[in-house]
$ cat coords19.pdb   # PDB, C-alpha atoms
ATOM      1  CA  MET A  32     -49.900 -45.281 -71.943  1.00  0.00           C
ATOM      2  CA  LEU A  33     -52.295 -48.145 -72.426  1.00  0.00           C
ATOM      3  CA  ASP A  34     -54.010 -50.775 -70.357  1.00  0.00           C
ATOM      4  CA  ARG A  35     -53.391 -54.120 -72.057  1.00  0.00           C
ATOM      5  CA  ASP A  36     -55.874 -55.809 -69.733  1.00  0.00           C
ATOM      6  CA  ASP A  37     -58.737 -53.516 -70.818  1.00  0.00           C
ATOM      7  CA  ARG A  38     -59.685 -54.802 -74.252  1.00  0.00           C
ATOM      8  CA  GLU A  39     -63.458 -54.556 -73.932  1.00  0.00           C
ATOM      9  CA  PHE A  40     -64.799 -52.792 -77.019  1.00  0.00           C
ATOM     10  CA  ALA A  41     -66.431 -49.404 -76.564  1.00  0.00           C
ATOM     11  CA  ASN A  42     -67.582 -47.589 -79.698  1.00  0.00           C
ATOM     12  CA  GLY A  43     -65.691 -44.346 -80.377  1.00  0.00           C
ATOM     13  CA  LYS A  44     -63.011 -44.905 -77.696  1.00  0.00           C
ATOM     14  CA  ILE A  45     -59.266 -44.773 -78.347  1.00  0.00           C
ATOM     15  CA  PHE A  46     -57.336 -48.032 -78.525  1.00  0.00           C
ATOM     16  CA  CYS A  47     -53.897 -49.237 -79.485  1.00  0.00           C
ATOM     17  CA  VAL A  48     -54.471 -51.581 -82.423  1.00  0.00           C
ATOM     18  CA  ASN A  49     -52.520 -53.917 -84.681  1.00  0.00           C
ATOM     19  CA  ASP A  50     -52.567 -52.062 -87.988  1.00  0.00           C
ATOM     20  CA  PRO A  51     -50.983 -53.800 -91.002  1.00  0.00           C
ATOM     21  CA  ASP A  52     -48.727 -51.507 -93.042  1.00  0.00           C
ATOM     22  CA  ASP A  53     -48.243 -51.678 -96.826  1.00  0.00           C
ATOM     23  CA  THR A  54     -45.888 -54.659 -96.473  1.00  0.00           C
ATOM     24  CA  GLY A  55     -48.373 -56.707 -94.409  1.00  0.00           C
ATOM     25  CA  GLN A  56     -46.354 -56.311 -91.201  1.00  0.00           C
ATOM     26  CA  TYR A  57     -48.231 -55.257 -88.081  1.00  0.00           C
ATOM     27  CA  VAL A  58     -47.463 -51.900 -86.517  1.00  0.00           C
ATOM     28  CA  SER A  59     -49.058 -50.554 -83.371  1.00  0.00           C
ATOM     29  CA  ALA A  60     -51.237 -47.528 -83.957  1.00  0.00           C
ATOM     30  CA  VAL A  61     -53.394 -45.355 -81.715  1.00  0.00           C
ATOM     31  CA  LYS A  62     -56.826 -45.013 -83.290  1.00  0.00           C
ATOM     32  CA  ARG A  63     -60.374 -44.123 -82.395  1.00  0.00           C
ATOM     33  CA  VAL A  64     -62.403 -47.253 -83.212  1.00  0.00           C
ATOM     34  CA  GLN A  65     -65.983 -47.540 -84.409  1.00  0.00           C
ATOM     35  CA  ARG A  66     -67.876 -50.732 -85.153  1.00  0.00           C
ATOM     36  CA  TRP A  67     -68.739 -51.309 -88.795  1.00  0.00           C
ATOM     37  CA  GLU A  68     -71.080 -53.901 -90.279  1.00  0.00           C
ATOM     38  CA  LYS A  69     -68.192 -56.160 -91.347  1.00  0.00           C
ATOM     39  CA  GLY A  70     -65.489 -55.189 -88.869  1.00  0.00           C
ATOM     40  CA  PHE A  71     -64.173 -51.901 -87.520  1.00  0.00           C
ATOM     41  CA  VAL A  72     -63.285 -48.425 -88.749  1.00  0.00           C
ATOM     42  CA  LEU A  73     -59.959 -47.011 -87.521  1.00  0.00           C
ATOM     43  CA  ILE A  74     -60.048 -43.226 -87.297  1.00  0.00           C
ATOM     44  CA  SER A  75     -57.068 -40.896 -86.892  1.00  0.00           C
ATOM     45  CA  ASP A  76     -57.624 -37.647 -85.029  1.00  0.00           C
ATOM     46  CA  PRO A  77     -55.525 -35.670 -87.534  1.00  0.00           C
ATOM     47  CA  PRO A  78     -57.846 -35.242 -90.546  1.00  0.00           C
ATOM     48  CA  ASP A  79     -54.845 -35.729 -92.882  1.00  0.00           C
ATOM     49  CA  PHE A  80     -55.345 -39.506 -92.671  1.00  0.00           C
ATOM     50  CA  PRO A  81     -58.607 -40.999 -93.982  1.00  0.00           C
ATOM     51  CA  PRO A  82     -60.497 -43.595 -91.915  1.00  0.00           C
ATOM     52  CA  LYS A  83     -59.404 -47.173 -92.527  1.00  0.00           C
ATOM     53  CA  VAL A  84     -61.788 -50.144 -92.555  1.00  0.00           C
ATOM     54  CA  THR A  85     -60.585 -53.486 -91.236  1.00  0.00           C
ATOM     55  CA  GLY A  86     -62.299 -56.848 -91.129  1.00  0.00           C
ATOM     56  CA  PHE A  87     -60.096 -58.129 -88.291  1.00  0.00           C
ATOM     57  CA  ASP A  88     -61.620 -59.900 -85.337  1.00  0.00           C
ATOM     58  CA  TRP A  89     -61.555 -57.637 -82.255  1.00  0.00           C
ATOM     59  CA  LEU A  90     -59.214 -59.919 -80.294  1.00  0.00           C
ATOM     60  CA  ASP A  91     -56.681 -59.860 -83.165  1.00  0.00           C
ATOM     61  CA  LEU A  92     -57.032 -56.122 -83.699  1.00  0.00           C
ATOM     62  CA  CYS A  93     -56.941 -54.732 -80.148  1.00  0.00           C
ATOM     63  CA  VAL A  94     -53.723 -54.408 -78.138  1.00  0.00           C
ATOM     64  CA  GLY A  95     -55.305 -52.414 -75.290  1.00  0.00           C
ATOM     65  CA  ARG A  96     -57.260 -49.289 -74.383  1.00  0.00           C
ATOM     66  CA  VAL A  97     -55.375 -45.997 -74.337  1.00  0.00           C
ATOM     67  CA  ILE A  98     -55.626 -44.403 -70.893  1.00  0.00           C
ATOM     68  CA  TRP A  99     -53.241 -41.469 -71.389  1.00  0.00           C
ATOM     69  CA  MET A 100     -51.567 -39.847 -74.380  1.00  0.00           C
ATOM     70  CA  TRP A 101     -49.547 -36.725 -75.000  1.00  0.00           C
ATOM     71  CA  ARG A 102     -49.263 -34.597 -78.085  1.00  0.00           C
ATOM     72  CA  ASN A 103     -46.403 -32.296 -78.970  1.00  0.00           C
ATOM     73  CA  THR A 104     -47.972 -28.849 -79.342  1.00  0.00           C
ATOM     74  CA  GLU A 105     -44.839 -27.310 -80.901  1.00  0.00           C
ATOM     75  CA  GLU A 106     -45.828 -28.679 -84.301  1.00  0.00           C
ATOM     76  CA  LEU A 107     -49.448 -27.452 -84.235  1.00  0.00           C
TER      77      LEU A 107
END
$ encode --input "coords19.pdb" --output "structure tokens"
Amino acid sequence: MLDRDDREFANGKIFCVNDPDDTGQYVSAVKRVQRWEKGFVLISDPPDFPPKVTGFDWLDLCVGRVIWMWRNTEEL
């Protein structure tokens, strides 16, 4: 669940972001976001996926702040 009205950046918080896939199409992704000198770093909680740097403007990147999420523990 996300709050699309809460788009104020907070370093290290979890947001739903527009993340371009390999084809250049946007997909929504839930990422922890940290500010970087030339943009933002998108971090996945599973360590299987490396951090991704993006130079997007915050208003283009952010869909909204995640306020609740659930994880299936059967696969852990």
$ resolve_selection --input "coords19.pdb" --expression "the PyMOL selection byres ((chain A and resi 68) around 12)" --output "PyMOL selection string"
chain A and resi 65-67+69-72+84-87
$ write_last_selection --input "coords19.pdb" --atoms "C-alpha atoms" --output "PDB file, keeping the file's coordinate frame"
ATOM      1  CA  GLN A  65     -65.983 -47.540 -84.409  1.00  0.00           C
ATOM      2  CA  ARG A  66     -67.876 -50.732 -85.153  1.00  0.00           C
ATOM      3  CA  TRP A  67     -68.739 -51.309 -88.795  1.00  0.00           C
ATOM      4  CA  LYS A  69     -68.192 -56.160 -91.347  1.00  0.00           C
ATOM      5  CA  GLY A  70     -65.489 -55.189 -88.869  1.00  0.00           C
ATOM      6  CA  PHE A  71     -64.173 -51.901 -87.520  1.00  0.00           C
ATOM      7  CA  VAL A  72     -63.285 -48.425 -88.749  1.00  0.00           C
ATOM      8  CA  VAL A  84     -61.788 -50.144 -92.555  1.00  0.00           C
ATOM      9  CA  THR A  85     -60.585 -53.486 -91.236  1.00  0.00           C
ATOM     10  CA  GLY A  86     -62.299 -56.848 -91.129  1.00  0.00           C
ATOM     11  CA  PHE A  87     -60.096 -58.129 -88.291  1.00  0.00           C
TER      12      PHE A  87
END
$ atom_distance --input "coords19.pdb" --atom1 "atom CA of Gly95 of chain A" --atom2 "atom CA of Pro82 of chain A"
19.5 Å
$ closest_residue --input "coords19.pdb" --among "A:Asp76, A:Arg96, A:Trp101, A:Asp91" --to "Asn49 of chain A" --atoms "all atoms listed in the file"
A:Asp91
$ atom_distance --input "coords19.pdb" --atom1 "atom CA of Asp50 of chain A" --atom2 "atom CA of Arg102 of chain A"
20.3 Å
$ closest_residue --input "coords19.pdb" --among "A:Asp88, A:Met100, A:Pro78, A:Cys93" --to "Asp36 of chain A" --atoms "only C-alpha atoms"
A:Cys93
$ residues_around --input "coords19.pdb" --residues "Ser59 of chain A" --least-positions-apart "6" --cutoff "10 Å" --atoms "only C-alpha atoms" --output "PDB file with C-alpha atoms, in the frame of the given file"
ATOM      1  CA  PHE A  46     -57.336 -48.032 -78.525  1.00  0.00           C
ATOM      2  CA  CYS A  47     -53.897 -49.237 -79.485  1.00  0.00           C
ATOM      3  CA  VAL A  48     -54.471 -51.581 -82.423  1.00  0.00           C
ATOM      4  CA  ASN A  49     -52.520 -53.917 -84.681  1.00  0.00           C
ATOM      5  CA  ASP A  50     -52.567 -52.062 -87.988  1.00  0.00           C
ATOM      6  CA  PRO A  51     -50.983 -53.800 -91.002  1.00  0.00           C
ATOM      7  CA  ASP A  52     -48.727 -51.507 -93.042  1.00  0.00           C
ATOM      8  CA  LEU A  92     -57.032 -56.122 -83.699  1.00  0.00           C
ATOM      9  CA  CYS A  93     -56.941 -54.732 -80.148  1.00  0.00           C
ATOM     10  CA  VAL A  94     -53.723 -54.408 -78.138  1.00  0.00           C
TER      11      VAL A  94
END
$ axis_aligned_box --input "coords19.pdb" --around "segment 40-46 of chain A" --padding-each-side "8 Å" --output "JSON"
{"center_x": -62.5, "center_y": -48.6, "center_z": -78.5, "size_x": 26.2, "size_y": 24.4, "size_z": 19.8}
$ residues_around --input "coords19.pdb" --residues "Val64 of chain A" --least-positions-apart "6" --cutoff "9 Å" --atoms "all atoms listed in the file" --output "PyMOL selection string"
chain A and resi 40-46+71-74
$ atom_distance --input "coords19.pdb" --atom1 "atom CA of Phe80 of chain A" --atom2 "atom CA of Tyr57 of chain A"
17.9 Å
$ build_atoms --input "coords19.pdb" --residues "segment 66-77 of chain A" --atoms "all heavy atoms" --output "compact mmCIF listing (two decimals), keeping the file's coordinate frame"
# COMPACT_ATOMS: atom_id res chain seq x y z
N ARG A 66 -67.42 -49.46 -84.57
CA ARG A 66 -67.88 -50.73 -85.15
C ARG A 66 -68.46 -50.46 -86.54
O ARG A 66 -69.11 -49.45 -86.77
CB ARG A 66 -68.93 -51.38 -84.27
CG ARG A 66 -69.25 -52.79 -84.72
CD ARG A 66 -70.17 -53.51 -83.76
NE ARG A 66 -69.66 -53.64 -82.41
CZ ARG A 66 -68.81 -54.58 -82.00
NH1 ARG A 66 -68.33 -55.45 -82.84
NH2 ARG A 66 -68.44 -54.62 -80.74
N TRP A 67 -68.22 -51.37 -87.44
CA TRP A 67 -68.74 -51.31 -88.80
C TRP A 67 -69.44 -52.62 -89.06
O TRP A 67 -69.17 -53.62 -88.37
CB TRP A 67 -67.58 -51.08 -89.77
CG TRP A 67 -67.97 -50.96 -91.19
CD1 TRP A 67 -68.79 -50.01 -91.74
CD2 TRP A 67 -67.54 -51.78 -92.28
NE1 TRP A 67 -68.91 -50.20 -93.09
CE2 TRP A 67 -68.15 -51.30 -93.45
CE3 TRP A 67 -66.72 -52.89 -92.36
CZ2 TRP A 67 -67.95 -51.88 -94.68
CZ3 TRP A 67 -66.52 -53.46 -93.60
CH2 TRP A 67 -67.14 -52.95 -94.74
N GLU A 68 -70.30 -52.69 -90.04
CA GLU A 68 -71.08 -53.90 -90.28
C GLU A 68 -70.23 -55.15 -90.51
O GLU A 68 -70.64 -56.25 -90.19
CB GLU A 68 -72.04 -53.69 -91.44
CG GLU A 68 -71.32 -53.31 -92.73
CD GLU A 68 -72.25 -52.78 -93.79
OE1 GLU A 68 -73.22 -52.09 -93.44
OE2 GLU A 68 -72.00 -53.07 -94.97
N LYS A 69 -69.03 -55.00 -91.07
CA LYS A 69 -68.19 -56.16 -91.35
C LYS A 69 -66.84 -56.06 -90.66
O LYS A 69 -65.85 -56.59 -91.15
CB LYS A 69 -67.98 -56.31 -92.85
CG LYS A 69 -69.26 -56.58 -93.59
CD LYS A 69 -69.01 -56.71 -95.06
CE LYS A 69 -70.31 -56.93 -95.80
NZ LYS A 69 -70.12 -56.96 -97.24
N GLY A 70 -66.76 -55.34 -89.57
CA GLY A 70 -65.49 -55.19 -88.87
C GLY A 70 -65.46 -53.89 -88.09
O GLY A 70 -66.41 -53.56 -87.39
N PHE A 71 -64.37 -53.14 -88.27
CA PHE A 71 -64.17 -51.90 -87.52
C PHE A 71 -63.60 -50.82 -88.42
O PHE A 71 -62.91 -51.10 -89.40
CB PHE A 71 -63.23 -52.15 -86.34
CG PHE A 71 -63.76 -53.17 -85.38
CD1 PHE A 71 -63.43 -54.51 -85.52
CD2 PHE A 71 -64.61 -52.80 -84.37
CE1 PHE A 71 -63.94 -55.47 -84.65
CE2 PHE A 71 -65.13 -53.76 -83.49
CZ PHE A 71 -64.79 -55.08 -83.64
N VAL A 72 -63.86 -49.58 -88.06
CA VAL A 72 -63.28 -48.42 -88.75
C VAL A 72 -62.27 -47.81 -87.80
O VAL A 72 -62.58 -47.53 -86.64
CB VAL A 72 -64.36 -47.38 -89.12
CG1 VAL A 72 -63.73 -46.19 -89.81
CG2 VAL A 72 -65.43 -48.01 -90.00
N LEU A 73 -61.03 -47.62 -88.30
CA LEU A 73 -59.96 -47.01 -87.52
C LEU A 73 -59.85 -45.56 -87.95
O LEU A 73 -59.63 -45.26 -89.12
CB LEU A 73 -58.64 -47.75 -87.77
CG LEU A 73 -58.70 -49.27 -87.58
CD1 LEU A 73 -57.33 -49.87 -87.90
CD2 LEU A 73 -59.14 -49.63 -86.18
N ILE A 74 -60.00 -44.65 -86.99
CA ILE A 74 -60.05 -43.23 -87.30
C ILE A 74 -58.88 -42.52 -86.63
O ILE A 74 -58.64 -42.69 -85.43
CB ILE A 74 -61.38 -42.62 -86.81
CG1 ILE A 74 -62.55 -43.36 -87.47
CG2 ILE A 74 -61.43 -41.12 -87.07
CD1 ILE A 74 -63.88 -43.04 -86.87
N SER A 75 -58.16 -41.72 -87.42
CA SER A 75 -57.07 -40.90 -86.89
C SER A 75 -57.63 -39.55 -86.51
O SER A 75 -58.48 -39.00 -87.22
CB SER A 75 -55.98 -40.71 -87.95
OG SER A 75 -55.39 -41.94 -88.27
N ASP A 76 -57.17 -38.98 -85.40
CA ASP A 76 -57.62 -37.65 -85.03
C ASP A 76 -57.14 -36.58 -86.01
O ASP A 76 -57.90 -35.70 -86.35
CB ASP A 76 -57.22 -37.31 -83.60
CG ASP A 76 -58.17 -37.94 -82.58
OD1 ASP A 76 -59.28 -38.34 -82.97
OD2 ASP A 76 -57.80 -38.02 -81.41
N PRO A 77 -55.88 -36.64 -86.51
CA PRO A 77 -55.52 -35.67 -87.53
C PRO A 77 -56.32 -35.96 -88.81
O PRO A 77 -56.32 -37.10 -89.29
CB PRO A 77 -54.04 -35.90 -87.78
CG PRO A 77 -53.55 -36.68 -86.62
CD PRO A 77 -54.73 -37.45 -86.10
